[in-house]
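Working notes, beginning with the structure itself.
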Amino acid sequence: MKMSRHTNWPALLLVTLGTIFILFPLYMTVTIALKNPEQMAHSAFAFPTELHWENFSRAVEMTNFFSAFQNSVMVTTSTVVLTLLTNSMVAYAISRNMQRRFFKGLYFYFVSAMFIPFPIIMLPIVKLASGLHMTNLFGLIMLHTVYGLAFNVFVYVGYIRSIPVALEEAATVDGATTWGTFWRIIFPLMAPISATVGILTCLSTYNDFLLPLIIISDPEQYTLPLVQYVFQGQFNTDFNLAFASYLMALLPMIIVYFIAQKWIINGVTQGSVK
Amino acid sequence: MNKRLTAFYWMTMPAVLLFFIFLTLPALQGFYYSLTNWNGFGHQYHFVGFKNYVNLFQDDNVGNAYWFTFKFAIVVTIAINVLSLLIALGLNAKIRFRNFFRGIYFLPNILSVLIVGYIFNYLFSNVFTIWGQNLGITFLSTNILGSEQLAWVGVVIVAAWQGIAFNTILYLAGLQTIPTSLYEASDLDGAGKWREFWSITFPLIAPFFTINMVLAMKNSLMVFDQIVALTNGGPGRATQSISHLIYTGGFRGGEFAYQSANSVIYFIVIAMISILQLRFLQRREMDN
């Protein structure tokens with residue numbers, strides 16, 4: 001192509017302008033987190049002249065950050081592991097038996113839940129969870145795992161159908177059981193789609209606010225978004241402290257994102273287009 | 001062979017049980033409660049039939065929440081799709097630092113909606129207002145989140161800022177499926193950029209347009225975190241979304257049964273919209 005070496009300037013301009021819009025709030029977050037109130041009064045936008053790292057240590061104390069961080073990490077990793085182990089298994093059973101009425105019905109039963117908005121079950125689920133003594137981190141993990149099922153089964157089934165059945169038949173001839181075939185042959189083959197499901201589950205679980213809000217009552221078990229919500233009132237007088245706390249809550253996912261950026265973007269695209 | 005099938009049944013059992021207990025059962029319970037007058041914490045309640053449903057239709061707060069939610073969802077869906085398609089076209093063009101830009105544009109999608117809301121809340125109240133005053137723009141010089149007429153625009157801006165990320169990446173994926181040979185051919189035929197977009201690009205990414213419209217619409221109809229962080233439904237009830245109303249009324253207002261009825265209506269509305277949207281947009285795809 002004759003134009004191939006030239007940059008498309010209007011496109012570059014548009015994209016750069018948009019980038020400023022995206023980055024501006026994040027720039028403000030970082031700078032406010034590092035200033036003190038006098039500096040803020042002086043200039044809201046400039047980069048801080050002296051860095052007030054103590055905002056972070058004070059925010060850590062006030063929000064009990066490490067406890068919340070631990071809870072968030074615990075809930076997120078457990079949900080991801082449990083999701084990968086269980087959701088892939090159901091999807092496998094369904095996709096290999098689609099000709100049977102039971103499994104086909106099950107598929108539509110699961111997938112139709114994608115249309116159920118969470119607020120519909122929000123009120124009864126709290127009654128149910130408290131009746132079962134599940135208003136804790138364990139309950140949170142179980143509920144996150146169940147609520148991801150609809151979408152995950154949909155994505156997994158689509159993928160498993162592209163894996164040739166011949167592989168499993170060969171394993172059966174060699175004497176492998178269905179369980180053995182699943183764990184030793186199918187599960188490893190699903191690695192790419194499991195990465196996608198894992199990434200999406202990780203993002204949505206870590207950032208979720210509504211489910212912890214209604215399920216968790218013990219402050220010891222607050223997750224990061226919940227801590228920001230609960231302490232919002234106390235921050236009203238000190239924005240620098242609040243922003244230090246926001247930044248600390250956002251940072252783990254930002255770091256994960258910069259390390260695994262390519263996978264995350266590809267994973268999200270694959271998961272949604274399938 | 002029978003043993004194989006047994007194993008398959010066992011594989012589905014845990015999921016079926018959990019799904020039934022934590023999703024189907026609560027949904028049915030919710031419907032049952034909607035026919036009672038339970039306040040959510042007492043021990044006594046009575047069966048009242050469809051009284052809650054009748055009352056819902058005469059309740060100004062409910063009507064108000066539906067009006068806000070729909071206005072918000074429609075504007076956000078359009079804004080997100082127009083802007084993200086535009087950005088995706090830009091990111092798909094021949095530009096420098098393409099991967100860097102792609103990385104930046106997706107960033108908002110990985111951030112907590114609640115915290116992003118808090119950050120914007122501060123920007124609206126303490127940063128944009130200073131700009132407005134310095135530049136002498138009256139529109140900006142007061143906090144728009146405090147205005148009954150304009151607060152919803154603030155929520156739209158935040159939802160769009162964050163929502164564009166996801167849709168942009170999907171559009172970009174769509175654009176990359178179009179073979180470049182088609183553009184070369186249309187160049188030879190002398191087609192302009194505008195013509196090229198409507199005759200080649202848009203028809204070929206129509207399936208992505210469908211997905212993006214449905215996803216953006218469904219997400220914005222469920223808006224909750226942004227509301228909590230930005231306005232808490234106010235000023236007055238100007239920005240109270242349906243989920244926010246169900247939450248506050250159901251858990252704090254003693255309207256458990258009443259808001260359960262609201263949830264049932266809300267479910268029917270969302271399911272109908274999703275199905276209509278899918279059918280309408282898919283038919284369009286086939287026409288092209």
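Residues are referred to by chain and number: the chain letter is A, B, ... according to the order shown in the structure tokens, the number counts from 1 in that chain, and ligands are numbered separately from 1 in the order shown.
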
Sorted by chain and rising residue number, list the residues of chain B at most 6 Å from chain A (counting only C-alpha atoms), each with its closest atom pair and distance in Å to one decimal, as a Markdown table.
| residue | atom | partner | partner_atom | distance |
| --- | --- | --- | --- | --- |
| B:Arg4 | CA | A:Thr178 | CA | 5.7 |
| B:Phe8 | CA | A:Ala93 | CA | 5.1 |
| B:Met11 | CA | A:Val90 | CA | 5.6 |
| B:Thr12 | CA | A:Val90 | CA | 4.8 |
| B:Pro26 | CA | A:Pro124 | CA | 5.2 |
| B:Ala27 | CA | A:Ile121 | CA | 5.3 |
| B:Gly30 | CA | A:Pro124 | CA | 5.7 |
| B:Gly90 | CA | A:Ala11 | CA | 4.6 |
| B:Lys94 | CA | A:Asn8 | CA | 5.4 |
| B:Ile95 | CA | A:Thr7 | CA | 5.0 |
| B:Ser112 | CA | A:Asn207 | CA | 4.7 |
| B:Leu170 | CA | A:Thr269 | CA | 5.9 |
| B:Ser243 | CA | A:Pro119 | CA | 5.8 |
| B:Ser263 | CA | A:Ile120 | CA | 4.7 |
| B:Ala271 | CA | A:Phe115 | CA | 6.0 |

(request) Would you list the contacts of A:Glu54 as a list in words, taking every protein, DNA or RNA residue within 12 Å and counting only C-alpha atoms, but skipping same-chain residues closer than 3 positions in sequence? (result) Ala33, Leu34, Lys35, Asn36, Glu50, Leu51, Ser57, Arg58, Ala59, Val60, Glu61, Asn240, Leu241, Ala244 and Ser245 of chain A

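Surrounding stretch 211-215 of chain B within 9 Å are Ser272 and Val273 of chain A; Thr77, Ile78, Ile80, Asn81, Phe166, Asn167, Leu170, Tyr171, Ile273, Ser274, Gln277, Leu278 and Leu281 of chain B, with only C-alpha atoms counted and residues fewer than 6 positions along the same chain left out.
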
(message) Taking 6 positions as the minimum chain separation for residues in the same chain, which residues sit within 12 Å of B:Gly146 when counting only C-alpha atoms? Answer as a list in words.
(response) Asn121, Phe124, Ser125, Thr129, Leu140, Trp152, Val153, Gly154, Val155, Leu230, Thr231, Asn232, Gly233, Gly234, Pro235, Gly236, Arg237, Ala238 and Thr239 of chain B

(request) Compare B:Leu175, B:Leu123, B:Ser241, B:Leu107 by their minimum atom-to-atom distance to B:Trp67, counting only C-alpha atoms, and give me the closest one. (result) B:Ser241

(request) Write out as a PyMOL selection string each polymer residue whose atoms come within 8 Å of B:Ser220, counting only C-alpha atoms; drop sequence neighbours fewer than 5 positions from it. (result) chain B and resi 69+72-73+76-77+159

(request) Once DSSP has gone over the backbone, tell me which residues of stretch 50-118 of chain B are in helix (DSSP H, G or I), as number ranges by chain. (result) B: 51-56, 60-92, 98-110, 113-118
